[in-house]
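Here is the file structure21.tsv (TSV, C-alpha atoms).
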```tsv
chain	number	residue	atom	x	y	z
A	225	MET	CA	-23.61	-10.16	42.58
A	226	LYS	CA	-22.74	-6.54	43.14
A	227	GLU	CA	-19.24	-6.75	41.71
A	228	LEU	CA	-17.61	-8.79	38.95
A	229	SER	CA	-14.74	-9.44	41.36
A	230	LEU	CA	-17.19	-11.42	43.51
A	231	HIS	CA	-18.11	-13.62	40.52
A	232	ILE	CA	-14.38	-14.14	40.01
A	233	LEU	CA	-13.88	-15.07	43.68
A	234	ASP	CA	-16.69	-17.59	43.32
A	235	LEU	CA	-15.59	-19.13	40.03
A	236	VAL	CA	-11.93	-19.43	40.97
A	237	GLN	CA	-13.07	-21.62	43.87
A	238	ASN	CA	-14.10	-24.13	41.20
A	239	SER	CA	-10.50	-24.11	39.94
A	240	ILE	CA	-9.22	-24.66	43.46
A	241	SER	CA	-11.62	-27.56	44.01
A	242	ALA	CA	-10.45	-29.00	40.69
A	243	GLY	CA	-7.00	-29.28	42.23
A	244	ALA	CA	-5.39	-26.57	40.10
A	245	THR	CA	-1.83	-25.65	41.06
A	246	LEU	CA	-1.95	-22.52	38.92
A	247	THR	CA	-4.93	-20.34	38.12
A	248	GLU	CA	-4.62	-17.43	35.76
A	249	ILE	CA	-7.06	-14.54	35.97
A	250	VAL	CA	-6.97	-12.11	33.06
A	251	ILE	CA	-9.14	-9.01	32.91
A	252	LYS	CA	-9.01	-7.11	29.65
A	253	GLU	CA	-10.71	-3.76	29.33
A	254	ASP	CA	-10.75	-2.86	25.67
A	255	LEU	CA	-12.13	0.67	25.72
A	256	ALA	CA	-11.48	1.12	22.01
A	257	ALA	CA	-13.77	-1.78	21.08
A	258	ASP	CA	-15.93	-1.37	24.20
A	259	TRP	CA	-15.50	-4.93	25.47
A	260	LEU	CA	-14.64	-6.22	28.91
A	261	THR	CA	-13.28	-9.76	28.98
A	262	ILE	CA	-12.62	-11.88	32.04
A	263	GLU	CA	-10.68	-15.08	31.58
A	264	ILE	CA	-10.04	-17.76	34.18
A	265	ASN	CA	-7.61	-20.47	33.13
A	266	ASP	CA	-6.60	-23.31	35.40
A	267	ASN	CA	-4.62	-26.52	35.23
A	268	GLY	CA	-7.03	-28.50	37.37
A	269	HIS	CA	-8.45	-31.91	36.55
A	270	GLY	CA	-10.88	-30.51	33.97
A	271	MET	CA	-14.30	-31.73	32.89
A	272	ASP	CA	-15.37	-34.40	30.43
A	273	LYS	CA	-17.58	-33.52	27.43
A	274	GLU	CA	-20.70	-34.71	29.16
A	275	LEU	CA	-20.31	-32.44	32.19
A	276	LEU	CA	-19.06	-29.55	30.07
A	277	ALA	CA	-22.19	-29.68	27.93
A	278	LYS	CA	-24.49	-29.12	30.89
A	279	VAL	CA	-22.36	-27.08	33.25
A	280	LYS	CA	-24.30	-23.86	32.55
A	281	ASP	CA	-27.45	-25.51	33.85
A	282	PRO	CA	-28.13	-24.39	37.44
A	283	PHE	CA	-29.32	-27.88	38.31
A	284	VAL	CA	-25.91	-29.36	37.63
A	285	THR	CA	-23.11	-29.43	40.17
A	286	SER	CA	-20.20	-31.66	41.02
A	287	ARG	CA	-20.82	-31.31	44.70
A	288	THR	CA	-22.71	-33.93	46.59
A	289	SER	CA	-24.32	-31.85	49.33
A	290	ARG	CA	-27.02	-30.30	47.12
A	291	LYS	CA	-28.35	-30.54	43.60
A	292	VAL	CA	-27.87	-26.94	42.48
A	293	GLY	CA	-24.78	-24.97	41.48
A	294	LEU	CA	-25.27	-21.30	40.75
A	295	GLY	CA	-21.76	-19.95	40.24
A	296	ILE	CA	-21.59	-20.37	36.46
A	297	PRO	CA	-25.30	-19.64	35.74
A	298	LEU	CA	-25.08	-16.35	37.66
A	299	MET	CA	-22.02	-15.24	35.70
A	300	LEU	CA	-23.69	-16.30	32.43
A	301	ALA	CA	-26.77	-14.23	33.29
A	302	ALA	CA	-24.56	-11.23	34.10
A	303	CYS	CA	-22.83	-11.55	30.70
A	304	GLN	CA	-26.06	-11.94	28.76
A	305	ARG	CA	-27.54	-8.86	30.44
A	306	CYS	CA	-24.67	-6.88	28.96
A	307	ASP	CA	-24.72	-8.07	25.33
A	308	GLY	CA	-21.97	-10.56	26.14
A	309	ASP	CA	-21.58	-14.28	26.60
A	310	LEU	CA	-19.79	-16.92	28.61
A	311	THR	CA	-17.81	-19.76	27.06
A	312	ILE	CA	-16.13	-22.65	28.80
A	313	SER	CA	-13.72	-25.14	27.35
A	314	SER	CA	-12.10	-27.94	29.24
A	315	GLU	CA	-10.02	-31.02	28.84
A	316	VAL	CA	-9.72	-33.82	31.37
A	317	ASN	CA	-6.37	-33.74	33.21
A	318	VAL	CA	-5.31	-30.58	31.35
A	319	GLY	CA	-7.49	-27.82	32.74
A	320	THR	CA	-10.38	-25.48	32.15
A	321	ASN	CA	-10.73	-22.13	30.45
A	322	LEU	CA	-13.63	-19.83	31.17
A	323	THR	CA	-14.14	-16.62	29.21
A	324	ALA	CA	-16.78	-14.07	30.12
A	325	VAL	CA	-17.46	-11.14	27.83
A	326	PHE	CA	-19.40	-7.96	28.63
A	327	LYS	CA	-20.09	-4.78	26.74
A	328	HIS	CA	-17.86	-2.45	28.78
A	329	SER	CA	-20.17	0.55	28.73
A	330	HIS	CA	-23.41	-1.40	29.20
A	331	ILE	CA	-25.67	0.21	31.78
A	332	ASP	CA	-26.31	-3.14	33.46
A	333	ARG	CA	-22.66	-4.07	33.80
A	334	VAL	CA	-21.78	-4.03	37.49
A	335	PRO	CA	-18.37	-2.58	38.46
A	336	ILE	CA	-15.31	-4.84	38.51
A	337	GLY	CA	-15.01	-4.02	42.20
A	338	SER	CA	-12.11	-4.84	44.46
A	339	MET	CA	-9.80	-7.34	42.77
A	340	ALA	CA	-7.35	-6.76	45.64
A	341	GLU	CA	-9.88	-8.13	48.13
A	342	THR	CA	-10.77	-11.02	45.86
A	343	LEU	CA	-7.12	-12.00	45.44
A	344	ILE	CA	-6.29	-11.92	49.14
A	345	SER	CA	-9.47	-13.85	49.99
A	346	LEU	CA	-8.34	-16.50	47.51
A	347	ILE	CA	-4.78	-16.58	48.83
A	348	LEU	CA	-5.96	-16.74	52.43
A	349	CYS	CA	-7.68	-20.03	51.88
A	350	SER	CA	-5.81	-21.94	49.20
A	351	THR	CA	-2.31	-22.92	50.14
A	352	TYR	CA	-1.67	-25.13	47.12
A	353	THR	CA	-2.85	-22.92	44.29
A	354	ASP	CA	-0.77	-20.17	42.75
A	355	PHE	CA	-2.42	-17.19	41.13
A	356	LEU	CA	-1.38	-15.12	38.19
A	357	TYR	CA	-3.45	-11.98	37.79
A	358	LYS	CA	-3.16	-9.80	34.72
A	359	HIS	CA	-5.12	-6.65	34.12
A	360	ILE	CA	-4.89	-5.16	30.64
A	361	ILE	CA	-6.32	-1.85	29.54
A	362	ILE	CA	-6.53	-0.77	25.93
A	363	ASN	CA	-7.51	2.87	25.89
A	364	LYS	CA	-9.56	4.64	23.26
A	365	LYS	CA	-6.43	5.47	21.27
A	366	SER	CA	-5.66	1.71	21.26
A	367	SER	CA	-2.56	1.97	23.44
A	368	LEU	CA	-2.09	-0.89	25.85
A	369	SER	CA	-1.06	-0.90	29.50
A	370	GLU	CA	-0.81	-3.86	31.82
A	371	PHE	CA	-0.57	-4.74	35.51
A	372	CYS	CA	0.60	-8.15	36.59
A	373	PHE	CA	0.71	-9.92	39.94
A	374	ASP	CA	2.07	-13.42	40.43
A	375	THR	CA	1.99	-15.25	43.77
A	376	ARG	CA	4.89	-17.43	42.58
A	377	GLU	CA	7.15	-14.38	42.48
A	378	VAL	CA	6.12	-13.34	45.99
A	379	LYS	CA	6.62	-16.89	47.27
A	380	LYS	CA	10.08	-17.04	45.72
A	381	LEU	CA	11.06	-13.88	47.53
A	382	LEU	CA	9.59	-14.94	50.85
A	383	GLY	CA	11.26	-18.34	50.86
A	384	SER	CA	9.81	-21.35	52.58
A	385	GLU	CA	9.60	-19.97	56.11
A	386	VAL	CA	7.12	-17.16	55.59
A	387	PRO	CA	3.73	-18.15	54.13
A	388	LEU	CA	1.69	-15.78	51.96
A	389	THR	CA	-1.08	-15.99	54.52
A	390	GLU	CA	0.84	-13.95	57.11
A	391	PRO	CA	-1.38	-10.92	57.82
A	392	ASP	CA	1.39	-8.42	57.05
A	393	ILE	CA	2.09	-10.08	53.72
A	394	LEU	CA	-1.60	-10.16	52.79
A	395	ASN	CA	-1.86	-6.49	53.60
A	396	TRP	CA	1.10	-5.71	51.41
A	397	ILE	CA	-0.41	-7.71	48.54
A	398	LYS	CA	-3.75	-5.92	48.93
A	399	ASP	CA	-2.12	-2.49	48.80
A	400	TYR	CA	0.20	-3.54	45.98
A	401	ILE	CA	-2.70	-4.66	43.76
A	402	ALA	CA	-4.91	-1.69	44.62
A	403	GLU	CA	-2.08	0.70	43.85
A	404	GLY	CA	-1.09	-1.09	40.65
A	405	LEU	CA	-4.65	-0.94	39.36
A	406	SER	CA	-5.13	2.69	40.25
A	407	ASN	CA	-1.91	3.55	38.40
A	408	LEU	CA	-3.33	1.73	35.43
A	409	GLY	CA	-6.35	4.00	35.61
A	410	GLY	CA	-8.84	1.20	35.21
A	411	GLY	CA	-10.58	-1.43	37.23
A	412	ILE	CA	-14.04	0.09	37.12
B	595	MET	CA	4.62	3.17	45.61
B	596	LYS	CA	4.65	-0.35	47.06
B	597	SER	CA	7.93	-1.99	46.23
B	598	ILE	CA	9.25	-5.52	46.31
B	599	LYS	CA	11.94	-4.25	48.71
B	600	GLU	CA	9.28	-3.52	51.26
B	601	LEU	CA	8.25	-7.14	51.04
B	602	GLU	CA	11.77	-8.20	51.96
B	603	GLU	CA	11.58	-6.06	55.12
B	604	ILE	CA	8.21	-7.56	56.05
B	605	ARG	CA	9.69	-11.00	55.55
B	606	LYS	CA	12.50	-10.31	58.02
B	607	ARG	CA	10.09	-8.82	60.51
B	608	THR	CA	7.63	-11.73	60.33
B	609	LEU	CA	10.32	-14.37	60.66
B	610	ASP	CA	10.70	-13.37	64.31
B	611	THR	CA	7.04	-13.75	65.13
B	612	ILE	CA	6.30	-16.75	63.00
B	613	ASN	CA	7.52	-19.32	65.48
B	614	ILE	CA	5.04	-18.08	68.04
B	615	ARG	CA	2.29	-18.41	65.47
B	616	LYS	CA	3.07	-22.04	64.81
B	617	GLU	CA	2.00	-23.00	68.30
B	618	ARG	CA	-1.68	-22.61	67.63
B	619	THR	CA	-3.77	-23.49	70.63
B	620	GLY	CA	-6.53	-23.80	68.16
B	621	THR	CA	-9.32	-21.23	67.91
B	622	ARG	CA	-10.64	-21.50	64.39
B	623	VAL	CA	-12.90	-19.01	62.64
B	624	VAL	CA	-14.52	-20.40	59.51
B	625	VAL	CA	-16.39	-18.24	57.00
B	626	GLY	CA	-18.74	-19.78	54.41
B	627	MET	CA	-17.50	-18.68	51.00
B	628	ALA	CA	-19.60	-20.50	48.41
B	629	THR	CA	-21.75	-18.67	45.83
B	630	CYS	CA	-24.45	-18.03	48.43
B	631	GLY	CA	-22.03	-16.66	51.01
B	632	ILE	CA	-20.18	-14.45	48.55
B	633	ALA	CA	-23.42	-13.02	47.15
B	634	ALA	CA	-24.64	-12.26	50.67
B	635	GLY	CA	-21.45	-10.38	51.60
B	636	ALA	CA	-18.99	-12.93	53.00
B	637	ARG	CA	-15.88	-11.33	51.50
B	638	PRO	CA	-15.94	-8.16	53.66
B	639	VAL	CA	-16.79	-10.34	56.68
B	640	LEU	CA	-13.77	-12.60	56.07
B	641	LEU	CA	-11.47	-9.60	55.62
B	642	THR	CA	-12.85	-7.84	58.70
B	643	VAL	CA	-12.19	-10.92	60.83
B	644	MET	CA	-8.69	-11.16	59.38
B	645	ASP	CA	-7.94	-7.48	60.04
B	646	GLU	CA	-9.26	-7.61	63.58
B	647	VAL	CA	-7.29	-10.76	64.39
B	648	LYS	CA	-4.16	-9.07	63.09
B	649	LYS	CA	-4.87	-5.77	64.89
B	650	ASN	CA	-5.15	-7.56	68.22
B	651	ASN	CA	-2.18	-9.84	67.56
B	652	LEU	CA	-4.22	-12.97	68.12
B	653	SER	CA	-1.48	-15.30	67.02
B	654	ASP	CA	-3.34	-18.45	68.08
B	655	VAL	CA	-6.40	-17.80	65.92
B	656	ALA	CA	-6.72	-19.33	62.45
B	657	VAL	CA	-9.07	-17.73	59.93
B	658	THR	CA	-10.22	-20.03	57.14
B	659	GLN	CA	-13.06	-20.49	54.69
B	660	THR	CA	-15.38	-23.28	53.74
B	661	GLY	CA	-17.95	-24.00	51.06
B	662	CYS	CA	-21.70	-23.96	51.37
B	663	ILE	CA	-22.82	-24.89	54.86
B	664	GLY	CA	-26.32	-25.67	53.61
B	665	MET	CA	-28.32	-22.77	55.00
B	666	CYS	CA	-27.97	-20.28	52.17
B	667	ARG	CA	-30.72	-17.96	53.39
B	668	LEU	CA	-28.75	-17.33	56.59
B	669	GLU	CA	-25.47	-16.40	54.91
B	670	PRO	CA	-22.97	-14.92	55.60
B	671	ILE	CA	-22.30	-17.63	58.19
B	672	VAL	CA	-19.33	-17.63	60.55
B	673	GLU	CA	-18.45	-20.62	62.70
B	674	VAL	CA	-16.22	-20.30	65.75
B	675	TYR	CA	-14.42	-23.35	67.13
B	676	ARG	CA	-12.72	-22.79	70.48
B	677	PRO	CA	-10.79	-25.63	72.06
B	678	ASN	CA	-12.90	-27.75	74.42
B	679	GLU	CA	-16.05	-25.77	73.64
B	680	GLU	CA	-18.98	-26.48	71.40
B	681	LYS	CA	-18.99	-24.92	67.94
B	682	VAL	CA	-20.90	-21.64	67.73
B	683	THR	CA	-22.63	-20.71	64.46
B	684	TYR	CA	-23.30	-17.05	63.72
B	685	VAL	CA	-25.71	-16.14	60.93
B	686	LYS	CA	-26.39	-13.10	58.72
B	687	VAL	CA	-23.05	-11.70	59.76
B	688	THR	CA	-21.96	-8.20	58.69
B	689	PRO	CA	-18.55	-6.59	59.16
B	690	SER	CA	-19.77	-4.78	62.29
B	691	LYS	CA	-21.18	-7.99	63.75
B	692	ALA	CA	-17.87	-9.66	62.92
B	693	LEU	CA	-16.03	-7.05	64.99
B	694	ARG	CA	-18.14	-7.92	68.04
B	695	ILE	CA	-17.68	-11.64	67.48
B	696	VAL	CA	-13.89	-11.25	67.47
B	697	ASN	CA	-13.80	-8.84	70.40
B	698	GLU	CA	-16.28	-10.55	72.67
B	699	HIS	CA	-16.29	-14.22	71.74
B	700	ILE	CA	-12.81	-14.90	70.47
B	701	MET	CA	-10.96	-12.54	72.80
B	702	GLN	CA	-13.06	-12.73	75.96
B	703	GLY	CA	-14.86	-16.04	75.53
B	704	LYS	CA	-18.33	-14.49	75.70
B	705	VAL	CA	-20.64	-15.81	72.99
B	706	VAL	CA	-22.61	-13.02	71.26
B	707	ASP	CA	-25.97	-14.73	71.74
B	708	GLU	CA	-28.11	-12.41	69.64
B	709	TYR	CA	-26.17	-13.19	66.46
B	710	THR	CA	-26.18	-16.98	66.82
B	711	ILE	CA	-28.30	-19.32	64.76
B	712	GLY	CA	-30.36	-20.12	67.86
B	713	SER	CA	-31.72	-16.55	68.06
B	714	GLU	CA	-32.75	-16.57	64.40
B	715	ASP	CA	-36.52	-16.91	63.97
```
Translate the structure described by the file into structure tokens.
Amino acid sequence: MKELSLHILDLVQNSISAGATLTEIVIKEDLAADWLTIEINDNGHGMDKELLAKVKDPFVTSRTSRKVGLGIPLMLAACQRCDGDLTISSEVNVGTNLTAVFKHSHIDRVPIGSMAETLISLILCSTYTDFLYKHIIINKKSSLSEFCFDTREVKKLLGSEVPLTEPDILNWIKDYIAEGLSNLGGGI
Amino acid sequence: MKSIKELEEIRKRTLDTINIRKERTGTRVVVGMATCGIAAGARPVLLTVMDEVKKNNLSDVAVTQTGCIGMCRLEPIVEVYRPNEEKVTYVKVTPSKALRIVNEHIMQGKVVDEYTIGSED
């Protein structure tokens, strides 16, 4: 994939299919230590040990339409290209945690890309899942700054009559995230 | 700077139009958004369709996504369901093709034949 945000869009769909009501996406750019970490945590129905053990295998999938699932293997390959790794832990009926690590400055690391577009694509098509997106940057002098976006807060403000999927609302969210990230000076 | 206050204003503004939107006569645009679709460029296609639907105030059109349709080599795939008409499947869609699909098929009812799965060799 050309952007890490596309991997995120793809993998969060797994959380949605797992019936998660809340999915947390955390991107941490530690420029001091030169690591980029992407975490996806959900409270979906989780995986048992047997499935977890083989989930990185491209010939394993929970879907019934075909026998291959490439979402996780593609992300794993992207991590390994960049001196990083991908770990997944999961507990049945509790949820799943996926952590992808990249060397931030690695020449083969693709850009993070548009998280704003990824978030609104996710919101557009998943009425029952809430998203919490955190973007943390630790600069070379080890000082930390953070941007946070939570669909639950937006929903609270909008009340029950106006859904998040209203085009005007989605546009606002897109601009809000893009602006928040550019103020943070990261997201590359 | 985008503020939460702005959101409150949008909320008030949309409340007036939202009742119209509820009466969907039922055109549905479905974009394939599995790994294959995303890798082939489905995200900009989905957002282009959404923007164009909003720009033209097409309040009776629903834009949604689906998983893998099963023809990964033809992604991005867009399916258009218009009431009382057969489903039309568009393949290898780009944002510019998506603009034509919305403008010609969804708004005027004219299927863009050259982008459909039937014209694919």
Residues of chain B within 6 Å of chain A, counting all atoms listed in the file, what are they? List them as number ranges by chain.
B: 596, 629, 633, 658
Kindly save the residues from that selection, with C-alpha atoms included, as a PDB file, in the frame of the given file.
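The resulting file, part-v8.pdb, is reproduced below:
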```pdb
ATOM      1  CA  LYS B 596       4.650  -0.350  47.060  1.00  0.00           C
ATOM      2  CA  THR B 629     -21.750 -18.670  45.830  1.00  0.00           C
ATOM      3  CA  ALA B 633     -23.420 -13.020  47.150  1.00  0.00           C
ATOM      4  CA  THR B 658     -10.220 -20.030  57.140  1.00  0.00           C
TER       5      THR B 658
END
```
Select, from B:Thr611, B:Leu652, B:Gly620, B:Leu668, the residue with the minimum atom-to-atom distance to Gln702 (chain B), counting all atoms listed in the file.
B:Leu652
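The spacing separating CA of Val236 (chain A) from CA of Ile264 (chain A) amounts to 7.2 Å.
Here the selection is built from only C-alpha atoms, and the residues within 7 Å of (-14.9, -19.9, 34.3) turn out to be Leu235, Glu263, Ile264, Ile312, Asn321, Leu322 and Thr323 of chain A.
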Prev. selection, C-alpha atoms, output as a compact mmCIF listing (two decimals), in the coordinates of the input:
```
# COMPACT_ATOMS: atom_id res chain seq x y z
CA LEU A 235 -15.59 -19.13 40.03
CA GLU A 263 -10.68 -15.08 31.58
CA ILE A 264 -10.04 -17.76 34.18
CA ILE A 312 -16.13 -22.65 28.80
CA ASN A 321 -10.73 -22.13 30.45
CA LEU A 322 -13.63 -19.83 31.17
CA THR A 323 -14.14 -16.62 29.21
```
Two-atom distance - CA of Cys630 (chain B), CA of Gly703 (chain B) (Å)
28.8 Å
Give me, please, the distance in Å between CA of Asp610 (chain B) and CA of Asn651 (chain B), quoted to one decimal.
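A separation of 13.7 Å between them.
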List as a list in words the residues having at least one atom at most 10 Å from position (-21.8, -23.0, 55.6) as given in the file, counting only C-alpha atoms.
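The residues near that point, listed by chain and number, are Val624, Val625, Gly626, Met627, Ala628, Cys630, Gly631, Gln659, Thr660, Gly661, Cys662, Ile663, Gly664, Met665, Cys666, Leu668, Glu669, Pro670, Ile671, Val672, Glu673, Thr683 and Val685 of chain B.
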Quick one: everything within 10 Å of Asp332 (chain A), counting all atoms listed in the file, minus sequence neighbours fewer than 6 positions away in the same chain. Send it as a PyMOL selection string.
chain A and resi 302-307+326
What does the file look like for those residues with C-alpha atoms, as a tab-separated table (two decimals), keeping the file's coordinate frame?
```tsv
chain	number	residue	atom	x	y	z
A	302	ALA	CA	-24.56	-11.23	34.10
A	303	CYS	CA	-22.83	-11.55	30.70
A	304	GLN	CA	-26.06	-11.94	28.76
A	305	ARG	CA	-27.54	-8.86	30.44
A	306	CYS	CA	-24.67	-6.88	28.96
A	307	ASP	CA	-24.72	-8.07	25.33
A	326	PHE	CA	-19.40	-7.96	28.63
```
At a cut-off of 12 Å, using all atoms listed in the file, what residues contact Lys273 (chain A)? Leave out same-chain residues fewer than 2 positions from it and give the result as a PDB file with C-alpha atoms, in the coordinates of the input.
```
ATOM      1  CA  GLY A 270     -10.880 -30.510  33.970  1.00  0.00           C
ATOM      2  CA  MET A 271     -14.300 -31.730  32.890  1.00  0.00           C
ATOM      3  CA  LEU A 275     -20.310 -32.440  32.190  1.00  0.00           C
ATOM      4  CA  LEU A 276     -19.060 -29.550  30.070  1.00  0.00           C
ATOM      5  CA  ALA A 277     -22.190 -29.680  27.930  1.00  0.00           C
ATOM      6  CA  LYS A 278     -24.490 -29.120  30.890  1.00  0.00           C
ATOM      7  CA  VAL A 279     -22.360 -27.080  33.250  1.00  0.00           C
ATOM      8  CA  ILE A 312     -16.130 -22.650  28.800  1.00  0.00           C
ATOM      9  CA  SER A 313     -13.720 -25.140  27.350  1.00  0.00           C
ATOM     10  CA  SER A 314     -12.100 -27.940  29.240  1.00  0.00           C
ATOM     11  CA  GLU A 315     -10.020 -31.020  28.840  1.00  0.00           C
ATOM     12  CA  VAL A 316      -9.720 -33.820  31.370  1.00  0.00           C
ATOM     13  CA  THR A 320     -10.380 -25.480  32.150  1.00  0.00           C
TER      14      THR A 320
END
```
Given the choices B:Thr621, B:Asn678, B:Thr608, B:Thr688, which gets closest to Leu641 (chain B) if the distance is worked out from all atoms listed in the file?
B:Thr688
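Nearest residue to Ala256 (chain A), choosing from A:Lys398, A:Lys380, A:Lys280, A:Lys327 and counting only C-alpha atoms: A:Lys327.
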Nearby residues (only C-alpha atoms) at most 8 Å from Val250 (chain A), same-chain spacing under 3 positions excluded, as a list of chain:residue names
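After dropping sequence-adjacent residues, the list is A:Thr261, A:Ile262, A:Glu263, A:Ile264, A:Tyr357, A:Lys358, A:His359, A:Ile360.
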